[in-house]
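Enquirer: Got a structure for you, model.txt, holding compact mmCIF, C-alpha atoms.
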# COMPACT_ATOMS: atom_id res chain seq x y z
CA MET A 1 -11.52 -3.38 32.97
CA PHE A 2 -12.23 -5.47 29.87
CA ASP A 3 -12.97 -8.51 32.02
CA ARG A 4 -16.23 -6.87 33.14
CA LEU A 5 -17.57 -6.78 29.57
CA PRO A 6 -19.47 -9.81 28.29
CA LEU A 7 -16.92 -10.70 25.61
CA PRO A 8 -16.37 -14.33 24.71
CA SER A 9 -12.95 -14.30 23.13
CA GLN A 10 -9.51 -12.75 23.12
CA PHE A 11 -10.22 -11.48 19.61
CA ASP A 12 -13.06 -9.21 20.76
CA ARG A 13 -10.86 -7.92 23.55
CA THR A 14 -8.22 -7.06 20.95
CA ILE A 15 -10.78 -5.14 18.93
CA ILE A 16 -11.96 -3.20 21.98
CA SER A 17 -8.46 -2.27 23.13
CA GLY A 18 -7.38 -1.41 19.59
CA GLY A 19 -10.46 0.77 19.16
CA THR A 20 -9.71 2.53 22.44
CA VAL A 21 -6.15 3.26 21.37
CA LEU A 22 -7.39 4.48 17.99
CA ALA A 23 -9.97 6.77 19.58
CA LEU A 24 -7.40 8.18 22.00
CA GLY A 25 -5.03 8.85 19.10
CA ALA A 26 -7.61 10.24 16.71
CA THR A 27 -9.35 12.65 19.12
CA PRO A 28 -6.45 15.14 19.50
CA VAL A 29 -5.92 15.21 15.72
CA LEU A 30 -9.61 15.88 15.13
CA VAL A 31 -9.72 18.58 17.81
CA VAL A 32 -6.65 20.38 16.46
CA LEU A 33 -7.91 20.23 12.88
CA ALA A 34 -11.38 21.43 13.86
CA ALA A 35 -9.87 24.32 15.83
CA LEU A 36 -7.74 25.32 12.84
CA LEU A 37 -10.81 25.14 10.62
CA VAL A 38 -12.86 27.31 12.98
CA VAL A 39 -10.21 30.03 13.20
CA ASP A 40 -9.87 29.90 9.40
CA ARG A 41 -6.26 28.85 9.22
CA ILE A 42 -7.14 26.00 6.85
CA SER A 43 -9.93 25.71 4.29
CA ALA A 44 -12.49 22.91 4.24
CA PRO A 45 -10.71 20.91 1.48
CA GLU A 46 -7.48 21.16 3.47
CA PHE A 47 -9.33 19.92 6.57
CA VAL A 48 -10.44 16.84 4.63
CA PHE A 49 -6.92 16.43 3.23
CA PHE A 50 -5.26 16.46 6.65
CA LEU A 51 -7.88 14.06 7.99
CA ALA A 52 -7.30 11.61 5.12
CA ALA A 53 -3.52 12.06 5.33
CA SER A 54 -3.39 11.32 9.06
CA VAL A 55 -5.52 8.19 8.64
CA LEU A 56 -3.31 7.12 5.74
CA LEU A 57 -0.01 7.70 7.55
CA ALA A 58 -1.27 6.00 10.72
CA GLY A 59 -2.29 2.99 8.64
CA ALA A 60 1.07 2.94 6.87
CA ALA A 61 2.90 3.06 10.20
CA GLY A 62 0.73 0.17 11.34
CA VAL A 63 1.67 -1.86 8.26
CA VAL A 64 5.39 -1.55 8.94
CA LEU A 65 5.31 -1.70 12.77
CA MET A 66 2.55 -4.15 13.80
CA LYS A 67 3.79 -7.39 15.32
CA ASN A 68 0.74 -9.41 14.28
CA ILE A 69 0.75 -9.77 10.53
CA VAL A 70 -3.02 -10.06 10.16
CA HIS A 71 -3.33 -6.71 11.92
CA ALA A 72 -0.71 -5.36 9.51
CA ALA A 73 -2.82 -6.55 6.58
CA LEU A 74 -5.90 -4.82 8.02
CA CYS A 75 -3.83 -1.64 8.42
CA LEU A 76 -2.97 -1.98 4.74
CA VAL A 77 -6.71 -1.89 3.92
CA VAL A 78 -7.04 1.37 5.89
CA THR A 79 -4.03 2.84 4.09
CA LEU A 80 -5.27 1.94 0.62
CA LEU A 81 -8.71 3.41 1.34
CA GLY A 82 -6.94 6.57 2.54
CA VAL A 83 -5.04 6.65 -0.75
CA ALA A 84 -8.39 6.44 -2.58
CA ALA A 85 -9.59 9.45 -0.55
CA ILE A 86 -6.43 11.34 -1.60
CA TYR A 87 -7.18 10.50 -5.24
CA LEU A 88 -10.66 11.95 -4.77
CA LEU A 89 -9.12 15.16 -3.37
CA LEU A 90 -6.94 15.26 -6.51
CA LEU A 91 -10.21 15.28 -8.53
CA THR A 92 -9.53 11.94 -10.20
CA GLU A 93 -12.60 9.95 -9.24
CA PHE A 94 -11.97 7.22 -11.79
CA LEU A 95 -8.62 6.30 -10.25
CA ALA A 96 -10.16 6.37 -6.77
CA LEU A 97 -12.73 3.86 -7.98
CA VAL A 98 -10.04 1.67 -9.55
CA GLN A 99 -8.00 1.89 -6.35
CA VAL A 100 -10.88 0.65 -4.17
CA LEU A 101 -11.81 -2.11 -6.63
CA VAL A 102 -8.33 -3.42 -7.43
CA TYR A 103 -6.63 -2.96 -4.06
CA GLY A 104 -9.49 -3.22 -1.60
CA GLY A 105 -11.08 -6.04 -3.55
CA GLY A 106 -8.25 -7.96 -5.16
CA VAL A 107 -4.78 -7.32 -3.82
CA VAL A 108 -5.68 -7.32 -0.12
CA ILE A 109 -7.64 -10.55 -0.48
CA LEU A 110 -4.67 -12.13 -2.28
CA LEU A 111 -2.28 -10.94 0.45
CA LEU A 112 -4.54 -12.23 3.24
CA PHE A 113 -4.80 -15.53 1.41
CA GLY A 114 -1.00 -15.69 1.25
CA LEU A 115 -0.78 -14.91 4.98
CA MET A 116 -3.21 -17.67 5.85
CA MET A 117 -1.41 -20.17 3.60
CA THR A 118 2.07 -19.44 4.90
CA ASN A 119 1.26 -19.14 8.59
CA ALA A 120 -1.30 -21.86 9.13
CA GLN A 121 0.71 -23.69 11.79
CA ASP A 122 3.03 -21.01 13.09
CA ASP A 123 2.25 -18.29 15.51
CA PRO A 124 1.36 -15.40 13.17
CA VAL A 125 3.75 -13.08 14.98
CA VAL A 126 6.97 -12.27 13.17
CA THR A 127 10.12 -11.07 14.81
CA ASP A 128 12.13 -8.59 12.85
CA GLY A 129 14.71 -6.67 14.66
CA SER A 130 18.28 -6.08 13.81
CA GLN A 131 17.93 -4.13 10.55
CA LYS A 132 15.51 -1.63 12.06
CA PRO A 133 17.93 1.22 12.90
CA PHE A 134 19.59 0.91 9.50
CA ALA A 135 16.22 0.83 7.73
CA PHE A 136 15.04 3.85 9.73
CA GLY A 137 18.19 5.76 8.80
CA VAL A 138 17.79 5.10 5.08
CA ALA A 139 14.06 5.93 5.09
CA ALA A 140 14.60 9.12 7.11
CA LEU A 141 17.40 10.19 4.78
CA ILE A 142 15.31 9.72 1.63
CA ALA A 143 12.21 11.34 3.14
CA GLY A 144 14.30 14.26 4.43
CA VAL A 145 15.98 14.94 1.10
CA PHE A 146 12.73 14.62 -0.84
CA ILE A 147 10.70 16.83 1.48
CA ALA A 148 13.44 19.46 1.70
CA LEU A 149 13.62 19.63 -2.10
CA VAL A 150 9.82 19.81 -2.48
CA LEU A 151 9.51 22.61 0.07
CA ASP A 152 12.46 24.47 -1.44
CA ALA A 153 11.09 24.52 -4.99
CA HIS A 154 8.92 27.37 -6.26
CA TRP A 155 5.68 25.85 -7.47
CA GLY A 156 3.72 29.04 -7.98
CA SER A 157 0.12 28.34 -6.98
CA PRO A 158 -1.26 25.87 -9.53
CA GLU A 159 -4.84 24.69 -9.21
CA ALA A 160 -6.05 21.13 -9.62
CA SER A 161 -8.46 20.69 -12.50
CA ILE A 162 -10.94 17.95 -13.26
CA VAL A 163 -10.09 15.57 -16.08
CA PRO A 164 -13.30 14.60 -17.92
CA PHE A 165 -13.99 10.87 -18.24
CA ARG A 166 -14.33 11.14 -22.01
CA ASP A 167 -10.93 12.80 -22.44
CA PHE A 168 -9.26 10.31 -20.12
CA GLY A 169 -10.68 7.35 -22.07
CA ALA A 170 -9.68 8.89 -25.39
CA ARG A 171 -6.15 9.54 -24.16
CA LEU A 172 -5.82 6.05 -22.72
CA PHE A 173 -7.17 4.09 -25.66
CA ARG A 174 -5.94 6.28 -28.55
CA ASP A 175 -2.56 7.66 -27.54
CA PHE A 176 -1.61 4.83 -25.17
CA SER A 177 -3.24 1.94 -27.02
CA LEU A 178 0.00 0.00 -27.50
CA PRO A 179 0.99 0.17 -23.79
CA VAL A 180 -2.54 -0.96 -22.89
CA VAL A 181 -2.09 -4.05 -25.06
CA ILE A 182 1.36 -4.69 -23.60
CA VAL A 183 0.00 -4.43 -20.05
CA ALA A 184 -2.79 -6.85 -20.96
CA VAL A 185 -0.22 -9.37 -22.22
CA LEU A 186 1.87 -8.78 -19.09
CA LEU A 187 -1.11 -9.51 -16.82
CA ASP A 188 -1.88 -12.63 -18.81
CA ILE A 189 1.69 -13.91 -18.56
CA ALA A 190 2.00 -13.03 -14.86
CA PHE A 191 -1.16 -14.82 -13.77
CA THR A 192 -0.51 -17.82 -16.01
CA GLY A 193 2.97 -18.01 -14.49
CA ALA A 194 1.62 -17.77 -10.95
CA PHE A 195 -0.94 -20.48 -11.66
CA VAL A 196 1.59 -22.83 -13.29
CA ASN A 197 4.03 -22.24 -10.43
CA ALA A 198 1.49 -23.07 -7.73
CA ARG A 199 0.16 -26.09 -9.65
CA ARG A 200 3.57 -27.59 -10.24
CA ALA A 201 4.44 -27.17 -6.58
CA GLU A 202 1.28 -29.06 -5.70
CA ALA A 203 2.10 -31.87 -8.13
CA ASP A 204 5.67 -32.03 -6.79
CA SER A 205 4.62 -32.33 -3.18
CA ALA A 206 2.00 -34.94 -4.10
CA ALA A 207 4.64 -36.99 -5.94
CA ARG A 208 7.05 -36.66 -3.03
CA GLY A 209 4.32 -37.72 -0.61
CA GLU A 210 3.71 -40.86 -2.70
CA ALA A 211 7.42 -41.63 -2.88
CA ARG A 212 7.75 -41.29 0.89
CA SER A 213 4.75 -43.51 1.68
CA MET B 1 -7.69 24.89 -2.67
CA ILE B 2 -5.04 22.56 -1.33
CA PRO B 3 -1.43 23.57 -2.07
CA ILE B 4 0.51 21.15 -4.25
CA GLU B 5 3.24 20.74 -1.62
CA ASN B 6 0.86 18.91 0.71
CA PHE B 7 0.38 16.08 -1.73
CA LEU B 8 4.06 15.89 -2.61
CA VAL B 9 5.14 15.72 1.04
CA LEU B 10 2.50 13.08 1.71
CA SER B 11 3.73 10.95 -1.19
CA GLY B 12 7.32 11.27 0.01
CA LEU B 13 6.35 10.21 3.55
CA LEU B 14 4.38 7.24 2.25
CA PHE B 15 7.31 6.17 0.06
CA ALA B 16 9.73 6.45 3.00
CA ILE B 17 7.46 4.44 5.32
CA GLY B 18 7.19 1.73 2.67
CA LEU B 19 10.96 1.73 2.24
CA PHE B 20 11.40 1.33 5.99
CA GLY B 21 9.07 -1.66 5.88
CA VAL B 22 10.88 -3.26 2.93
CA LEU B 23 14.23 -2.94 4.70
CA SER B 24 13.15 -3.96 8.20
CA ARG B 25 10.59 -6.76 7.66
CA ARG B 26 11.62 -10.39 7.28
CA SER B 27 8.37 -12.04 6.17
CA ALA B 28 8.08 -12.03 2.37
CA ILE B 29 4.38 -11.15 2.51
CA LEU B 30 5.01 -8.14 4.74
CA ILE B 31 7.72 -6.99 2.33
CA LEU B 32 5.14 -7.21 -0.47
CA MET B 33 2.74 -5.06 1.57
CA SER B 34 5.45 -2.46 2.11
CA VAL B 35 6.16 -2.45 -1.63
CA GLU B 36 2.46 -1.70 -2.12
CA LEU B 37 2.89 1.34 0.15
CA MET B 38 5.85 2.57 -1.92
CA LEU B 39 3.89 2.14 -5.15
CA ALA B 40 0.95 4.04 -3.67
CA GLY B 41 3.28 6.90 -2.78
CA VAL B 42 4.65 7.02 -6.32
CA ALA B 43 1.13 6.91 -7.79
CA ILE B 44 0.06 9.88 -5.61
CA ASN B 45 3.07 11.79 -6.93
CA PHE B 46 2.18 11.01 -10.56
CA ILE B 47 -1.46 12.00 -10.12
CA THR B 48 -0.56 15.20 -8.27
CA PHE B 49 1.59 16.42 -11.13
CA ALA B 50 -0.96 15.27 -13.70
CA SER B 51 -3.85 17.14 -12.15
CA TYR B 52 -1.94 20.27 -11.06
CA ARG B 53 0.64 20.86 -13.80
CA ASP B 54 -0.27 18.78 -16.83
CA THR B 55 -3.95 19.55 -17.23
CA GLU B 56 -4.09 19.21 -21.03
CA ALA B 57 -2.24 15.92 -21.54
CA PHE B 58 -2.56 14.28 -18.05
CA SER B 59 -0.07 11.53 -18.90
CA GLY B 60 0.48 11.02 -15.17
CA LEU B 61 -3.03 9.64 -14.75
CA VAL B 62 -2.40 7.01 -17.41
CA PHE B 63 0.90 6.19 -15.76
CA ALA B 64 -0.78 5.77 -12.37
CA LEU B 65 -3.31 3.42 -13.94
CA PHE B 66 -0.44 1.33 -15.34
CA VAL B 67 1.26 1.35 -11.94
CA ILE B 68 -1.89 -0.07 -10.33
CA THR B 69 -2.20 -2.76 -13.02
CA VAL B 70 1.42 -3.84 -12.86
CA ALA B 71 1.25 -3.88 -9.05
CA ALA B 72 -1.68 -6.30 -9.23
CA ALA B 73 0.30 -8.56 -11.59
CA GLU B 74 3.33 -8.33 -9.31
CA VAL B 75 1.36 -9.32 -6.21
CA GLY B 76 -0.17 -12.32 -7.99
CA LEU B 77 3.14 -13.60 -9.29
CA ALA B 78 5.07 -12.90 -6.09
CA LEU B 79 2.45 -14.70 -4.01
CA GLY B 80 2.82 -17.72 -6.29
CA ILE B 81 6.56 -17.66 -5.65
CA VAL B 82 6.12 -17.21 -1.89
CA LEU B 83 3.68 -20.13 -1.72
CA ARG B 84 6.15 -22.26 -3.64
CA LEU B 85 8.93 -21.23 -1.27
CA PHE B 86 6.74 -22.05 1.70
CA ARG B 87 5.95 -25.50 0.33
CA GLU B 88 9.62 -26.25 -0.32
CA ARG B 89 11.08 -24.81 2.88
CA ARG B 90 8.15 -24.41 5.32
CA THR B 91 9.06 -20.74 5.80
CA ALA B 92 8.20 -17.34 4.35
CA ASN B 93 11.22 -15.68 5.95
CA VAL B 94 13.40 -14.13 3.25
CA ASP B 95 16.54 -14.54 5.39
CA GLU B 96 16.17 -18.32 5.23
CA ALA B 97 15.70 -18.42 1.45
CA SER B 98 19.44 -18.26 0.87
CA SER B 99 20.34 -21.19 -1.42
CA LEU B 100 22.40 -18.89 -3.62
CA LYS B 101 24.52 -17.98 -0.58
CA TRP B 102 26.27 -21.32 -0.15
Show me the file's structure as structure tokens.

Expert:
Amino acid sequence: MFDRLPLPSQFDRTIISGGTVLALGATPVLVVLAALLVVDRISAPEFVFFLAASVLLAGAAGVVLMKNIVHAALCLVVTLLGVAAIYLLLLTEFLALVQVLVYGGGVVILLLFGLMMTNAQDDPVVTDGSQKPFAFGVAALIAGVFIALVLDAHWGSPEASIVPFRDFGARLFRDFSLPVVIVAVLLDIAFTGAFVNARRAEADSAARGEARS
Amino acid sequence: MIPIENFLVLSGLLFAIGLFGVLSRRSAILILMSVELMLAGVAINFITFASYRDTEAFSGLVFALFVITVAAAEVGLALGIVLRLFRERRTANVDEASSLKW
């Protein structure tokens, strides 16, 4: 059916079919959640929470299951934005902002850059197979134990409360001032190390190229 | 309001999905992405406890901020290493980076 549409490339066809699959998957979730909201089983904040959580978990499943690694990276963007939405629901708008800036802006770009650099010639499809049942067993075990313990505990009914910006800044830069400095030094060392590593590799390969020719 | 268990279960699921990815993927970059998922799960857990249980001191928020910062440093450094590996061996597959296994 996609052949009838005026689409020039395989890429657009991928987007259309992916969007169709997404819509087919998202519609039942939306309908169920809206029905629960209408009959008052869940409150409006819970409705938003379940919406964000389902987007987040679908994105996370995409990251670990997609065959095409560029698609996996795009799923990671969706997941990290979902995490930012969860931070907003936890009333910590500053961390949501930091999440979008650092992850959406920095980390994902770095990862995509790494993907492009390491898969320039190859087919960007990875095959990973044999460890999957083992990995699934371990992950299911840990998730099962954790969730059983969380649901078994008696939490009472605590309420989330907003942390004012001013208090957060005071706590961070007065009580945690030494860790902030240490983290700054760590970032400095890490990025200097990454830079030196990449540069030296470049110099090495250039020297080897000269020696060969 | 939203019960605290919802956030805790979500963080556990996210952590488990990331763990599955770390154990099952072979490409180093995809393993890094899965580690990001695990760190996000842990950060959600920290922030949940900070904003529900620890409303005076909120140390968990500061911790989550440090987690995000260190994760950024980790991705930068690990990508440098992966690029180096790729230049030396023409592969980003962690199963083939086995010089220590003679």

Enquirer: Define the interface residues of chain A facing chain B as those within 6 Å, counting only C-alpha atoms, and report them as a ChimeraX atom specification.

Expert: /A:46,64,128,131-132,135-136,139,143,147,158-161,187,190,194,198,201

Enquirer: Just how far from CA of Met116 (chain A) is CA of Val70 (chain A), in Å to one decimal?

Expert: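 Result for CA of Val70 (chain A) versus CA of Met116 (chain A): 8.7 Å, one decimal.
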
Enquirer: In Å, how far is it from CA of Leu91 (chain A) to CA of Gly25 (chain A)?

Expert: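 Those two atoms sit 28.8 Å apart.
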
Enquirer: Can you work out the spacing between CA of Leu88 (chain A) and CA of Gly169 (chain A) in Å, to one decimal?

Expert: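 About the pair CA of Leu88 (chain A) and CA of Gly169 (chain A): they are 17.9 Å apart.
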
Enquirer: Just want the 8 Å neighbourhood of Thr92 (chain A), counted on only C-alpha atoms, with same-chain residues fewer than 5 positions away dropped. Output as a ChimeraX atom specification.

Expert: /A:87,162-163 /B:51

Enquirer: May I have the residues from that selection written out with C-alpha atoms, as a PDB file, keeping the file's coordinate frame?

Expert:
ATOM      1  CA  TYR A  87      -7.180  10.500  -5.240  1.00  0.00           C
ATOM      2  CA  ILE A 162     -10.940  17.950 -13.260  1.00  0.00           C
ATOM      3  CA  VAL A 163     -10.090  15.570 -16.080  1.00  0.00           C
TER       4      VAL A 163
ATOM      5  CA  SER B  51      -3.850  17.140 -12.150  1.00  0.00           C
TER       6      SER B  51
END

Enquirer: Excluding Ala72 (chain A) and residues on its chain fewer than 5 positions from it, collect all residues at most 9 Å away from it, counting all atoms listed in the file, and give them as an MDAnalysis selection string.

Expert: (chainID A and resid 59:60 62:67 77) or (chainID B and resid 30 33)
